[in-house]
file start.csv (CSV, C-alpha atoms)
chain,number,residue,atom,x,y,z
A,697,MET,CA,0.0,0.0,0.0
A,698,GLU,CA,2.9,2.3,0.7
A,699,LEU,CA,4.2,1.9,-2.8
A,700,LEU,CA,0.8,2.6,-4.2
A,701,MET,CA,0.6,5.8,-2.2
A,702,GLN,CA,4.0,6.9,-3.5
A,703,ASN,CA,3.0,6.3,-7.1
A,704,LEU,CA,-0.3,8.1,-6.6
A,705,GLN,CA,1.5,11.1,-5.1
A,706,ALA,CA,4.0,11.1,-8.0
A,707,LEU,CA,1.3,10.9,-10.6
A,708,ARG,CA,-0.7,13.7,-8.8
A,709,GLN,CA,2.3,16.0,-8.9
A,710,GLU,CA,3.0,15.3,-12.6
A,711,VAL,CA,-0.6,15.8,-13.6
A,712,GLN,CA,-0.8,19.1,-11.6
A,713,ALA,CA,2.4,20.3,-13.2
A,714,ALA,CA,1.0,19.5,-16.7
A,715,ALA,CA,-2.2,21.3,-15.8
A,716,ASP,CA,-0.2,24.3,-14.7
A,717,ALA,CA,1.8,24.2,-17.9
A,718,MET,CA,-1.4,24.4,-20.0
A,719,LYS,CA,-2.7,27.2,-17.7
A,720,LEU,CA,-5.7,25.3,-16.6
A,721,HIS,CA,-6.4,27.9,-13.9
A,722,ASP,CA,-6.6,30.7,-16.5
A,723,LEU,CA,-8.9,28.6,-18.7
A,724,GLN,CA,-11.2,28.0,-15.7
A,725,ALA,CA,-11.3,31.7,-15.1
A,726,GLN,CA,-12.3,32.2,-18.8
A,727,ILE,CA,-15.1,29.7,-18.3
A,728,ALA,CA,-16.4,31.5,-15.2
A,729,ALA,CA,-16.4,34.8,-17.1
A,730,LEU,CA,-18.2,33.4,-20.1
A,731,GLU,CA,-20.8,31.7,-17.8
A,732,GLN,CA,-21.5,35.1,-16.3
A,733,THR,CA,-21.9,36.6,-19.7
A,734,VAL,CA,-24.3,33.8,-20.8
A,735,ALA,CA,-26.4,34.4,-17.7
A,736,THR,CA,-27.1,38.0,-18.4
A,737,PRO,CA,-30.8,38.8,-19.3
A,738,ASP,CA,-30.0,40.4,-22.7
A,739,PHE,CA,-27.4,37.7,-23.8
A,740,TRP,CA,-29.5,36.3,-26.7
A,741,ASN,CA,-30.4,39.8,-28.1
A,742,ASP,CA,-27.5,39.4,-30.5
A,743,GLN,CA,-27.9,35.9,-31.8
A,744,GLN,CA,-24.7,35.7,-33.8
A,745,LYS,CA,-22.5,36.9,-30.9
A,746,ALA,CA,-24.4,34.6,-28.5
A,747,GLN,CA,-23.8,31.6,-30.6
A,748,THR,CA,-20.1,32.4,-30.9
A,749,THR,CA,-19.8,32.8,-27.1
A,750,THR,CA,-21.6,29.6,-26.3
A,751,LYS,CA,-19.5,27.8,-28.8
A,752,GLN,CA,-16.3,29.2,-27.2
A,753,LEU,CA,-17.6,28.2,-23.8
A,754,ALA,CA,-18.4,24.6,-24.9
A,755,LYS,CA,-14.9,24.3,-26.4
A,756,LEU,CA,-13.2,25.5,-23.2
A,757,LYS,CA,-15.2,23.2,-21.0
A,758,ALA,CA,-14.4,20.2,-23.3
A,759,ARG,CA,-10.7,21.0,-22.9
A,760,CYS,CA,-10.8,21.6,-19.1
A,761,LEU,CA,-13.3,19.0,-17.8
A,762,PRO,CA,-11.1,15.9,-18.4
A,763,TRP,CA,-8.2,17.5,-16.5
A,764,GLN,CA,-10.4,18.6,-13.6
A,765,THR,CA,-12.0,15.1,-13.4
A,766,LEU,CA,-8.6,13.4,-13.5
A,767,LEU,CA,-7.2,15.6,-10.8
A,768,ALA,CA,-10.3,15.0,-8.6
A,769,ASP,CA,-10.2,11.2,-9.2
A,770,ILE,CA,-6.5,11.0,-8.2
A,771,LYS,CA,-7.2,13.1,-5.1
A,772,ASP,CA,-10.1,10.8,-4.1
A,773,THR,CA,-8.0,7.7,-4.7
A,774,SER,CA,-5.1,9.1,-2.7
A,775,GLU,CA,-7.4,9.7,0.2
A,776,LEU,CA,-8.6,6.1,0.1
A,777,ALA,CA,-5.1,4.8,-0.1
A,778,ALA,CA,-4.3,6.9,3.1
A,779,LEU,CA,-6.7,4.7,5.0
A,780,GLN,CA,-4.1,1.9,4.7
A,781,ASP,CA,-6.9,-0.7,4.1
A,782,ASP,CA,-5.3,-3.7,2.3
A,783,SER,CA,-8.7,-5.1,1.3
A,784,ILE,CA,-9.1,-2.3,-1.2
A,785,ALA,CA,-5.5,-2.4,-2.5
A,786,ASN,CA,-6.5,-4.0,-5.8
A,787,ASP,CA,-9.2,-1.3,-6.4
A,788,ILE,CA,-6.7,1.4,-5.7
A,789,GLU,CA,-4.1,-0.2,-8.1
A,790,ALA,CA,-6.8,-0.4,-10.8
A,791,ALA,CA,-7.7,3.3,-10.3
A,792,LEU,CA,-4.0,4.2,-10.5
A,793,ILE,CA,-3.6,2.4,-13.8
A,794,ASP,CA,-6.8,4.0,-15.2
A,795,ALA,CA,-5.6,7.5,-14.1
A,796,SER,CA,-2.2,6.9,-15.7
A,797,VAL,CA,-3.8,5.8,-19.0
A,798,ARG,CA,-6.0,8.9,-19.0
A,799,TYR,CA,-3.1,11.1,-18.3
A,800,GLU,CA,-1.1,9.7,-21.2
A,801,THR,CA,-3.9,10.6,-23.5
A,802,LEU,CA,-4.4,14.1,-22.1
A,803,LYS,CA,-0.7,14.8,-22.1
A,804,GLN,CA,-0.8,15.3,-25.8
A,805,GLN,CA,-2.6,18.5,-25.3
A,806,LEU,CA,0.6,20.0,-24.0
A,807,LEU,CA,1.8,20.0,-27.6
A,808,PHE,CA,-0.8,22.6,-28.4
A,809,SER,CA,0.8,25.8,-27.2
A,810,GLY,CA,0.3,28.1,-30.2
A,811,PRO,CA,-1.7,31.3,-30.0
A,812,TYR,CA,-4.5,30.0,-32.2
A,813,ASP,CA,-4.3,26.2,-31.6
A,814,ASP,CA,-7.7,26.2,-29.9
A,815,HIS,CA,-9.4,27.9,-32.9
A,816,ASP,CA,-11.5,26.4,-35.7
A,817,VAL,CA,-10.0,26.2,-39.1
A,818,LEU,CA,-10.5,27.7,-42.5
A,819,MET,CA,-8.8,25.4,-45.1
A,820,SER,CA,-8.3,26.1,-48.8
A,821,ILE,CA,-7.1,23.6,-51.4
A,822,HIS,CA,-5.8,24.8,-54.7
A,823,ALA,CA,-5.0,22.5,-57.7
A,824,GLY,CA,-1.5,23.1,-59.1
A,825,ALA,CA,0.1,22.6,-62.4
A,826,GLY,CA,-1.1,19.4,-64.2
A,827,GLY,CA,-4.5,20.1,-65.6
A,828,THR,CA,-7.2,17.6,-64.9
A,829,ASP,CA,-4.9,15.3,-63.0
A,830,ALA,CA,-4.1,18.1,-60.5
A,831,GLN,CA,-7.8,19.1,-60.2
A,832,ASP,CA,-8.6,15.5,-59.5
A,833,TRP,CA,-5.8,15.4,-56.9
A,834,ALA,CA,-7.3,18.5,-55.2
A,835,ALA,CA,-10.7,16.7,-55.0
A,836,MET,CA,-9.0,13.7,-53.5
A,837,LEU,CA,-7.4,15.9,-50.8
A,838,LEU,CA,-10.8,17.5,-50.1
A,839,ARG,CA,-12.3,14.0,-49.6
A,840,MET,CA,-9.3,13.0,-47.3
A,841,TYR,CA,-9.9,16.0,-45.0
A,842,LEU,CA,-13.7,15.6,-45.0
A,843,ARG,CA,-13.2,11.9,-44.0
A,844,TRP,CA,-10.7,12.9,-41.3
A,845,ALA,CA,-13.2,15.4,-39.8
A,846,GLU,CA,-16.0,12.8,-40.1
A,847,ALA,CA,-14.0,10.2,-38.2
A,848,THR,CA,-12.6,12.5,-35.5
A,849,PRO,CA,-14.9,12.9,-32.5
A,850,GLY,CA,-16.2,16.4,-32.1
A,851,MET,CA,-15.0,17.6,-35.6
A,852,ALA,CA,-17.3,18.8,-38.4
A,853,ALA,CA,-16.5,20.2,-41.8
A,854,THR,CA,-18.5,22.5,-44.1
A,855,ILE,CA,-17.7,23.6,-47.6
A,856,ILE,CA,-17.8,27.4,-48.0
A,857,GLU,CA,-16.7,28.0,-51.6
A,858,GLN,CA,-15.9,25.6,-54.4
A,859,SER,CA,-14.8,26.0,-58.0
A,860,ASP,CA,-15.2,22.8,-60.0
A,861,GLY,CA,-12.8,21.6,-62.7
A,862,GLU,CA,-14.0,21.5,-66.4
A,863,GLU,CA,-13.6,17.7,-66.7
A,864,ALA,CA,-13.2,16.4,-63.2
A,865,GLY,CA,-12.1,17.4,-59.7
A,866,ILE,CA,-11.9,20.9,-58.4
A,867,LYS,CA,-9.8,24.0,-59.1
A,868,SER,CA,-10.1,25.3,-55.6
A,869,VAL,CA,-12.2,24.9,-52.4
A,870,THR,CA,-12.5,26.6,-49.1
A,871,LEU,CA,-14.0,24.7,-46.1
A,872,GLU,CA,-14.5,25.3,-42.4
A,873,ILE,CA,-13.5,22.6,-39.9
A,874,THR,CA,-14.7,23.1,-36.4
A,875,GLY,CA,-13.8,21.2,-33.2
A,876,LEU,CA,-11.6,21.0,-30.2
A,877,LEU,CA,-8.0,22.1,-31.1
A,878,ALA,CA,-8.9,22.0,-34.8
A,879,TYR,CA,-6.1,24.5,-35.8
A,880,GLY,CA,-3.6,22.9,-33.5
A,881,LYS,CA,-4.2,19.5,-35.2
A,882,LEU,CA,-4.4,20.7,-38.8
A,883,LYS,CA,-1.8,23.5,-39.0
A,884,GLY,CA,0.9,21.0,-40.1
A,885,GLU,CA,-1.1,20.1,-43.2
A,886,ALA,CA,-0.3,23.5,-44.8
A,887,GLY,CA,1.9,23.3,-47.8
A,888,VAL,CA,2.2,21.5,-51.2
A,889,HIS,CA,1.1,17.9,-51.4
A,890,ARG,CA,2.5,15.8,-54.3
A,891,LEU,CA,0.8,12.8,-55.9
A,892,VAL,CA,2.5,10.2,-58.1
A,893,ARG,CA,0.3,7.7,-59.9
A,894,LEU,CA,-0.8,6.2,-63.2
A,895,SER,CA,-3.0,8.9,-64.7
A,896,PRO,CA,-6.6,7.9,-65.3
A,897,PHE,CA,-7.0,10.9,-67.7
A,898,ASN,CA,-4.7,9.9,-70.5
A,899,ALA,CA,-5.1,7.1,-73.1
A,900,ASP,CA,-1.6,5.7,-72.4
A,901,ASN,CA,-2.2,5.5,-68.6
A,902,LEU,CA,1.2,7.1,-68.1
A,903,ARG,CA,2.7,7.9,-64.7
A,904,GLN,CA,1.8,11.5,-63.7
A,905,THR,CA,3.0,13.8,-60.9
A,906,SER,CA,0.4,16.3,-59.7
A,907,PHE,CA,0.5,19.0,-57.1
A,908,ALA,CA,-2.0,20.7,-54.9
A,909,LYS,CA,-1.5,23.4,-52.3
A,910,VAL,CA,-3.3,23.4,-48.9
A,911,GLU,CA,-3.7,26.5,-46.8
A,912,VAL,CA,-4.7,26.2,-43.2
A,913,MET,CA,-5.8,29.3,-41.3
A,914,PRO,CA,-7.2,29.8,-37.7
A,915,LYS,CA,-10.7,31.0,-38.1
A,916,ILE,CA,-10.9,34.6,-36.7
A,917,ASP,CA,-14.6,35.2,-36.1
A,918,GLN,CA,-14.1,37.9,-33.5
A,919,PRO,CA,-12.9,41.1,-35.1
A,920,GLU,CA,-11.1,42.3,-32.0
A,921,GLU,CA,-8.6,39.4,-32.4
A,922,VAL,CA,-7.2,40.8,-35.6
A,923,ALA,CA,-7.9,44.5,-36.1
A,924,VAL,CA,-8.1,45.4,-39.8
A,925,ASP,CA,-8.0,49.1,-40.7
A,926,GLU,CA,-11.0,49.9,-43.0
A,927,LYS,CA,-8.8,52.3,-45.0
A,928,ASP,CA,-6.6,49.4,-46.1
A,929,LEU,CA,-9.6,47.6,-47.7
A,930,LYS,CA,-10.9,47.8,-51.3
A,931,VAL,CA,-14.4,46.3,-51.5
A,932,ASP,CA,-15.8,45.4,-54.9
A,933,VAL,CA,-19.3,43.9,-55.5
A,934,TYR,CA,-20.3,42.1,-58.6
A,935,ARG,CA,-22.9,39.7,-60.0
A,936,ALA,CA,-22.3,36.1,-58.8
A,937,GLY,CA,-21.5,33.5,-61.3
A,938,GLY,CA,-23.2,30.1,-61.5
A,939,HIS,CA,-25.9,28.2,-63.2
A,940,GLY,CA,-28.6,30.3,-65.0
A,941,GLY,CA,-32.0,30.8,-63.4
A,942,GLN,CA,-30.7,30.9,-59.8
A,943,SER,CA,-31.7,33.9,-57.8
A,944,VAL,CA,-28.1,34.3,-56.7
A,945,ASN,CA,-27.4,35.6,-60.2
A,946,THR,CA,-30.0,38.4,-60.3
A,947,THR,CA,-28.3,40.8,-57.9
A,948,ASP,CA,-24.7,42.0,-57.3
A,949,SER,CA,-24.3,39.8,-54.3
A,950,ALA,CA,-20.7,38.6,-54.8
A,951,VAL,CA,-18.0,40.4,-52.8
A,952,ARG,CA,-14.3,40.8,-53.4
A,953,ILE,CA,-12.1,42.3,-50.7
A,954,THR,CA,-8.5,43.4,-51.3
A,955,HIS,CA,-6.2,44.1,-48.4
A,956,ALA,CA,-3.9,46.8,-49.9
A,957,PRO,CA,-0.8,46.5,-47.6
A,958,THR,CA,-0.4,42.7,-48.2
A,959,GLY,CA,-2.2,42.3,-51.6
A,960,ILE,CA,-4.4,39.5,-50.1
A,961,VAL,CA,-7.6,39.1,-52.1
A,962,VAL,CA,-10.7,37.2,-50.8
A,963,ALA,CA,-13.8,36.7,-53.1
A,964,ILE,CA,-17.0,35.1,-51.9
A,965,GLN,CA,-20.2,34.5,-53.9
A,966,ASN,CA,-21.8,31.5,-52.3
A,967,GLU,CA,-24.2,33.2,-49.9
A,968,ARG,CA,-27.5,34.7,-51.1
A,969,SER,CA,-26.9,38.2,-49.7
A,970,GLN,CA,-24.1,40.7,-50.2
A,971,LEU,CA,-24.0,41.2,-46.4
A,972,GLN,CA,-23.4,37.5,-45.8
A,973,ASN,CA,-20.7,37.3,-48.4
A,974,LYS,CA,-18.9,40.4,-47.0
A,975,GLU,CA,-19.0,38.9,-43.5
A,976,THR,CA,-17.7,35.6,-44.7
A,977,ALA,CA,-15.0,37.4,-46.8
A,978,MET,CA,-13.9,39.5,-43.8
A,979,THR,CA,-13.6,36.4,-41.6
A,980,ILE,CA,-11.4,34.7,-44.2
A,981,LEU,CA,-9.3,37.8,-44.6
A,982,ARG,CA,-8.7,38.1,-40.8
A,983,SER,CA,-7.8,34.4,-40.8
A,984,LYS,CA,-5.3,34.8,-43.6
A,985,LEU,CA,-3.8,37.8,-41.9
A,986,ALA,CA,-3.5,35.9,-38.6
A,987,GLN,CA,-1.8,33.0,-40.3
A,988,LEU,CA,0.6,35.4,-42.1
A,989,GLN,CA,1.3,37.0,-38.7
A,990,VAL,CA,2.2,33.6,-37.3
A,991,GLU,CA,4.4,32.7,-40.3
A,992,GLN,CA,6.3,36.1,-40.3
A,993,HIS,CA,6.5,36.5,-36.5
A,994,LYS,CA,5.2,40.0,-36.6
A,995,GLU,CA,3.5,41.7,-33.7
A,996,LYS,CA,1.4,44.1,-35.8
A,997,ILE,CA,-0.7,43.5,-38.9
A,998,SER,CA,0.8,46.7,-40.3
A,999,GLU,CA,4.2,45.1,-40.4
A,1000,LEU,CA,3.1,42.2,-42.6
A,1001,LYS,CA,4.5,41.6,-46.0
A,1002,GLY,CA,2.4,40.0,-48.7
A,1003,PRO,CA,2.4,36.2,-48.9
A,1004,ASN,CA,5.1,34.8,-51.2
A,1005,GLU,CA,2.9,32.6,-53.2
A,1006,GLN,CA,5.7,31.2,-55.4
A,1007,ALA,CA,7.9,30.3,-52.5
A,1008,ALA,CA,5.0,28.7,-50.7
A,1009,TRP,CA,4.1,26.7,-53.8
A,1010,GLY,CA,7.6,25.2,-53.7
A,1011,ASN,CA,7.2,24.2,-50.1
A,1012,GLN,CA,6.5,20.6,-50.7
A,1013,ILE,CA,5.6,18.9,-47.4
A,1014,ARG,CA,4.3,15.4,-48.3
A,1015,SER,CA,4.5,12.9,-51.1
A,1016,TYR,CA,1.8,10.4,-51.9
A,1017,VAL,CA,3.2,7.7,-54.2
A,1018,LEU,CA,0.7,5.2,-55.6
A,1019,HIS,CA,2.9,3.9,-58.4
A,1020,PRO,CA,5.4,2.1,-58.8
A,1021,TYR,CA,5.1,1.4,-55.1
A,1022,SER,CA,2.8,2.6,-52.3
A,1023,MET,CA,4.1,5.1,-49.8
A,1024,VAL,CA,3.0,8.4,-48.1
A,1025,LYS,CA,6.0,10.3,-46.6
A,1026,ASP,CA,6.2,13.6,-44.8
A,1027,LEU,CA,9.3,15.3,-45.9
A,1028,ARG,CA,9.7,17.3,-42.7
A,1029,THR,CA,9.2,14.7,-40.0
A,1030,ARG,CA,10.3,11.7,-42.2
A,1031,TYR,CA,7.2,9.8,-40.9
A,1032,GLU,CA,6.0,7.4,-43.6
A,1033,THR,CA,3.5,4.6,-44.2
A,1034,SER,CA,2.6,2.2,-47.0
A,1035,ASP,CA,-1.1,2.4,-46.1
A,1036,THR,CA,-1.9,4.9,-48.9
A,1037,SER,CA,-5.5,4.0,-49.1
A,1038,GLY,CA,-5.9,4.5,-45.3
A,1039,VAL,CA,-4.3,7.9,-45.5
A,1040,LEU,CA,-6.4,9.0,-48.5
A,1041,ASP,CA,-9.4,7.8,-46.5
A,1042,GLY,CA,-8.6,10.2,-43.7
A,1043,LYS,CA,-6.2,8.3,-41.4
A,1044,LEU,CA,-4.0,11.4,-40.7
A,1045,ASP,CA,-3.6,11.4,-36.9
A,1046,ASP,CA,-0.1,9.7,-37.0
A,1047,PHE,CA,1.1,12.4,-39.5
A,1048,MET,CA,-0.4,15.2,-37.3
A,1049,ASN,CA,1.1,13.8,-34.1
A,1050,ALA,CA,4.5,13.4,-35.8
A,1051,TYR,CA,4.4,17.0,-37.0
A,1052,LEU,CA,3.5,18.3,-33.5
A,1053,GLU,CA,6.5,16.5,-31.9
A,1054,TRP,CA,8.8,17.5,-34.8
A,1055,SER,CA,7.7,21.2,-34.6
A,1056,ILE,CA,8.7,21.4,-30.9
A,1057,GLY,CA,12.3,20.5,-31.8
A,1058,ALA,CA,12.4,22.2,-35.2

call {"tool": "encode", "arguments": {"input": "start.csv", "output": "C-alpha cells"}}
result
Amino acid sequence: MELLMQNLQALRQEVQAAADAMKLHDLQAQIAALEQTVATPDFWNDQQKAQTTTKQLAKLKARCLPWQTLLADIKDTSELAALQDDSIANDIEAALIDASVRYETLKQQLLFSGPYDDHDVLMSIHAGAGGTDAQDWAAMLLRMYLRWAEATPGMAATIIEQSDGEEAGIKSVTLEITGLLAYGKLKGEAGVHRLVRLSPFNADNLRQTSFAKVEVMPKIDQPEEVAVDEKDLKVDVYRAGGHGGQSVNTTDSAVRITHAPTGIVVAIQNERSQLQNKETAMTILRSKLAQLQVEQHKEKISELKGPNEQAAWGNQIRSYVLHPYSMVKDLRTRYETSDTSGVLDGKLDDFMNAYLEWSIGA
C-alpha cells in the first residue's frame, strides 16, 4: 500500500504540473467569465454573438473538464489509499492504472501551445500545375480531410466556396473545420502535397505527378482578435456566377475584398446576400492575416509583407506515391506509411502527431 501511495503522489504531482503548464487555472477563469456573460438577461439579443460565445464556452469546457476530473479522481484515490486498508489495494491499483492511461492521452494537449491552436480552421485547397490530374488530386485531398473530420470525435466540416474543374475534380475549395483544437491539429497540413500515380486521364495511362496546395488558417470570427483598418480595404461587389436561373445571379451579391498592404484578395459569392458574403470574406481575410502573422513572427498587422505565393508553392511537405510502389511520406518529419488507401481515407492522426512532436524540436 505504501508503494501505491508513493505512485499516486508522483502521478498527482505530474498531472498538476501539466495542468499548470497548459494554464488550466486561466482557462477555468475564462469559463467562469463566459458563464457570467451567458447568464445576463440580454445575452440572446445578439444571436450571432451569443452563438459564438456559447461555442467558445463549450470548447473551453471540453478542454478543461477531463483535466479537472482526472485531478479530482487522483485526489479521491489518494485519500482512500491513506486509509491503509489492504482489502481495497486491488481497487486502488486499478484506479491508479486507469488514471495513468487517461493522463497519457491528455498529455498530448501540452503540444498545443500556439496562440491559435484552440481555434477552428479555414482550409483552402488549390489545384496546381497538371490540368485535370491536378484538379482530381485537389478533389482527393478534399475528400481526405472531410473523411478525417467525419472520423474525428467532435470535428465537423462545411464547404464554404468551391470552384469545380472542367472535366473532373476541383480548381479550388474553401472549407471550415470546427472542433476541439482544430487548428492545432491541422496546422501542419499547410503546404504543397505531391501525388505520383498512373494517370486515369490519358489514353496511355502514363505515370503522372500532380501538385495541390493546402492553406490552413485559424478562423478569426471575433474582429477584435485581428484588427483590420478599413482604410486598407478595397471592397468590390459584382454579379455572382453560377448556373442560370438561380436567384443568386439576379443581384450584385458577390464580394471581393482586397487588403492593400499585403495584396491578399478574398472573393465570396456562395451566400444569397451581399452582407453575408462580405461577413464571410472578412472572416477569411482576418484568418489569412492571422496565419501570415504567425508565419512572419510580426507583432502588428501593419508590419506584414504580402504572402510569397511562389515560395509557398515550392514548399512541398508530403509525397503520396501510388505507383510504382505505395508510400506516403512527410518530408519534414520523415514519418511514412505504406497504407496509402488508409491515409487518403482520412487516417491522418499519426502524421499530425509526428508534426507536433517535430515542430517542438524544429

call {"tool": "residues_around", "arguments": {"input": "start.csv", "residues": "stretch 874-886 of chain A", "least_positions_apart": "4", "cutoff": "8 Å", "atoms": "only C-alpha atoms", "output": "list in words"}}
result
Lys755, Ala758, Arg759, Phe808, Gly810, Tyr812, Asp813, Asp814, His815, Asp816, Val817, Gly850, Met851, Ala852, Ala853, Lys909, Val910, Glu911, Val912, Met913, Pro914, Ile1013, Met1048, Asn1049, Tyr1051 and Leu1052 of chain A

call {"tool": "residues_around", "arguments": {"input": "start.csv", "residues": "A:Ser796", "least_positions_apart": "6", "cutoff": "10 Å", "atoms": "only C-alpha atoms", "output": "list in words"}}
result
Leu704, Leu707, Arg708, Val711, Leu766, Ile770, Ala790 and Leu802 of chain A

call {"tool": "atom_distance", "arguments": {"input": "start.csv", "atom1": "atom CA of A:Glu862", "atom2": "atom CA of A:Gln1012"}}
result
25.8 Å

call {"tool": "atom_distance", "arguments": {"input": "start.csv", "atom1": "atom CA of A:Arg890", "atom2": "atom CA of A:Pro811"}}
result
29.1 Å

call {"tool": "closest_residue", "arguments": {"input": "start.csv", "among": "A:Thr905, A:Ser783, A:Ser983, A:Asn966", "to": "A:Trp833", "atoms": "only C-alpha atoms"}}
result
A:Thr905

call {"tool": "atom_distance", "arguments": {"input": "start.csv", "atom1": "atom CA of A:Leu894", "atom2": "atom CA of A:Pro1020"}}
result
8.6 Å

call {"tool": "residues_near_point", "arguments": {"input": "start.csv", "point": "(-18.2, 29.0, -27.0)", "cutoff": "12 Å", "atoms": "all atoms listed in the file", "output": "count of residues only"}}
result
31

call {"tool": "closest_residue", "arguments": {"input": "start.csv", "among": "A:Ile960, A:Ala715, A:Ala777, A:Cys760", "to": "A:Met701", "atoms": "only C-alpha atoms"}}
result
A:Ala777

call {"tool": "residues_near_point", "arguments": {"input": "start.csv", "point": "(-7.5, 11.9, -46.5)", "cutoff": "6 Å", "atoms": "all atoms listed in the file", "output": "PDB file with C-alpha atoms, in the frame of the given file"}}
result
ATOM      1  CA  LEU A 837      -7.400  15.900 -50.800  1.00  0.00           C
ATOM      2  CA  MET A 840      -9.300  13.000 -47.300  1.00  0.00           C
ATOM      3  CA  TYR A 841      -9.900  16.000 -45.000  1.00  0.00           C
ATOM      4  CA  VAL A1039      -4.300   7.900 -45.500  1.00  0.00           C
ATOM      5  CA  LEU A1040      -6.400   9.000 -48.500  1.00  0.00           C
ATOM      6  CA  ASP A1041      -9.400   7.800 -46.500  1.00  0.00           C
ATOM      7  CA  GLY A1042      -8.600  10.200 -43.700  1.00  0.00           C
TER       8      GLY A1042
END

call {"tool": "closest_residue", "arguments": {"input": "start.csv", "among": "A:Leu776, A:Met819, A:Leu891, A:Ala956", "to": "A:Asp832", "atoms": "only C-alpha atoms"}}
result
A:Leu891

call {"tool": "residues_around", "arguments": {"input": "start.csv", "residues": "A:Leu699", "least_positions_apart": "6", "cutoff": "12 Å", "atoms": "all atoms listed in the file", "output": "ChimeraX atom specification"}}
result
/A:705-706,774,777-778,780,785,788-789,792

call {"tool": "residues_around", "arguments": {"input": "start.csv", "residues": "stretch 986-993 of chain A", "least_positions_apart": "4", "cutoff": "9 Å", "atoms": "all atoms listed in the file", "output": "NGL selection string"}}
result
:A and (811-812 or 912-916 or 921-922 or 981-982 or 997 or 999-1003)

call {"tool": "write_last_selection", "arguments": {"input": "start.csv", "atoms": "C-alpha atoms", "output": "PDB file, in the frame of the given file"}}
result
ATOM      1  CA  PRO A 811      -1.700  31.300 -30.000  1.00  0.00           C
ATOM      2  CA  TYR A 812      -4.500  30.000 -32.200  1.00  0.00           C
ATOM      3  CA  VAL A 912      -4.700  26.200 -43.200  1.00  0.00           C
ATOM      4  CA  MET A 913      -5.800  29.300 -41.300  1.00  0.00           C
ATOM      5  CA  PRO A 914      -7.200  29.800 -37.700  1.00  0.00           C
ATOM      6  CA  LYS A 915     -10.700  31.000 -38.100  1.00  0.00           C
ATOM      7  CA  ILE A 916     -10.900  34.600 -36.700  1.00  0.00           C
ATOM      8  CA  GLU A 921      -8.600  39.400 -32.400  1.00  0.00           C
ATOM      9  CA  VAL A 922      -7.200  40.800 -35.600  1.00  0.00           C
ATOM     10  CA  LEU A 981      -9.300  37.800 -44.600  1.00  0.00           C
ATOM     11  CA  ARG A 982      -8.700  38.100 -40.800  1.00  0.00           C
ATOM     12  CA  ILE A 997      -0.700  43.500 -38.900  1.00  0.00           C
ATOM     13  CA  GLU A 999       4.200  45.100 -40.400  1.00  0.00           C
ATOM     14  CA  LEU A1000       3.100  42.200 -42.600  1.00  0.00           C
ATOM     15  CA  LYS A1001       4.500  41.600 -46.000  1.00  0.00           C
ATOM     16  CA  GLY A1002       2.400  40.000 -48.700  1.00  0.00           C
ATOM     17  CA  PRO A1003       2.400  36.200 -48.900  1.00  0.00           C
TER      18      PRO A1003
END

call {"tool": "closest_residue", "arguments": {"input": "start.csv", "among": "A:Met836, A:Ala936, A:Leu720, A:Met697", "to": "A:Leu806", "atoms": "all atoms listed in the file"}}
result
A:Leu720

call {"tool": "residues_around", "arguments": {"input": "start.csv", "residues": "A:Asp769", "least_positions_apart": "2", "cutoff": "10 Å", "atoms": "all atoms listed in the file", "output": "PDB file with C-alpha atoms, keeping the file's coordinate frame"}}
result
ATOM      1  CA  ARG A 708      -0.700  13.700  -8.800  1.00  0.00           C
ATOM      2  CA  TRP A 763      -8.200  17.500 -16.500  1.00  0.00           C
ATOM      3  CA  GLN A 764     -10.400  18.600 -13.600  1.00  0.00           C
ATOM      4  CA  THR A 765     -12.000  15.100 -13.400  1.00  0.00           C
ATOM      5  CA  LEU A 766      -8.600  13.400 -13.500  1.00  0.00           C
ATOM      6  CA  LEU A 767      -7.200  15.600 -10.800  1.00  0.00           C
ATOM      7  CA  LYS A 771      -7.200  13.100  -5.100  1.00  0.00           C
ATOM      8  CA  ASP A 772     -10.100  10.800  -4.100  1.00  0.00           C
ATOM      9  CA  THR A 773      -8.000   7.700  -4.700  1.00  0.00           C
ATOM     10  CA  SER A 774      -5.100   9.100  -2.700  1.00  0.00           C
ATOM     11  CA  GLU A 775      -7.400   9.700   0.200  1.00  0.00           C
ATOM     12  CA  ALA A 791      -7.700   3.300 -10.300  1.00  0.00           C
ATOM     13  CA  LEU A 792      -4.000   4.200 -10.500  1.00  0.00           C
ATOM     14  CA  ASP A 794      -6.800   4.000 -15.200  1.00  0.00           C
ATOM     15  CA  ALA A 795      -5.600   7.500 -14.100  1.00  0.00           C
TER      16      ALA A 795
END

call {"tool": "closest_residue", "arguments": {"input": "start.csv", "among": "A:Ile784, A:Val892, A:Ala923, A:Val962", "to": "A:Thr1036", "atoms": "all atoms listed in the file"}}
result
A:Val892

call {"tool": "closest_residue", "arguments": {"input": "start.csv", "among": "A:Ser1037, A:Thr848, A:Ser906, A:Gln702", "to": "A:Arg893", "atoms": "only C-alpha atoms"}}
result
A:Ser906

call {"tool": "decode", "arguments": {"input": "start.csv", "residues": "stretch 754-759 of chain A", "atoms": "N, CA and C atoms", "output": "PDB file, in the first residue's frame"}}
result
ATOM      1  N   ALA A 754     -18.311  26.081 -24.767  1.00  0.00           N
ATOM      2  CA  ALA A 754     -18.355  24.620 -24.885  1.00  0.00           C
ATOM      3  C   ALA A 754     -16.970  24.051 -25.169  1.00  0.00           C
ATOM      4  N   LYS A 755     -16.194  24.730 -26.030  1.00  0.00           N
ATOM      5  CA  LYS A 755     -14.850  24.253 -26.355  1.00  0.00           C
ATOM      6  C   LYS A 755     -13.925  24.327 -25.146  1.00  0.00           C
ATOM      7  N   LEU A 756     -14.034  25.407 -24.371  1.00  0.00           N
ATOM      8  CA  LEU A 756     -13.205  25.538 -23.177  1.00  0.00           C
ATOM      9  C   LEU A 756     -13.536  24.455 -22.150  1.00  0.00           C
ATOM     10  N   LYS A 757     -14.834  24.190 -21.989  1.00  0.00           N
ATOM     11  CA  LYS A 757     -15.239  23.151 -21.043  1.00  0.00           C
ATOM     12  C   LYS A 757     -14.762  21.777 -21.495  1.00  0.00           C
ATOM     13  N   ALA A 758     -14.838  21.528 -22.792  1.00  0.00           N
ATOM     14  CA  ALA A 758     -14.398  20.234 -23.323  1.00  0.00           C
ATOM     15  C   ALA A 758     -12.905  20.026 -23.096  1.00  0.00           C
ATOM     16  N   ARG A 759     -12.156  21.112 -23.103  1.00  0.00           N
ATOM     17  CA  ARG A 759     -10.716  21.002 -22.878  1.00  0.00           C
ATOM     18  C   ARG A 759     -10.378  20.865 -21.395  1.00  0.00           C
TER      19      ARG A 759
END
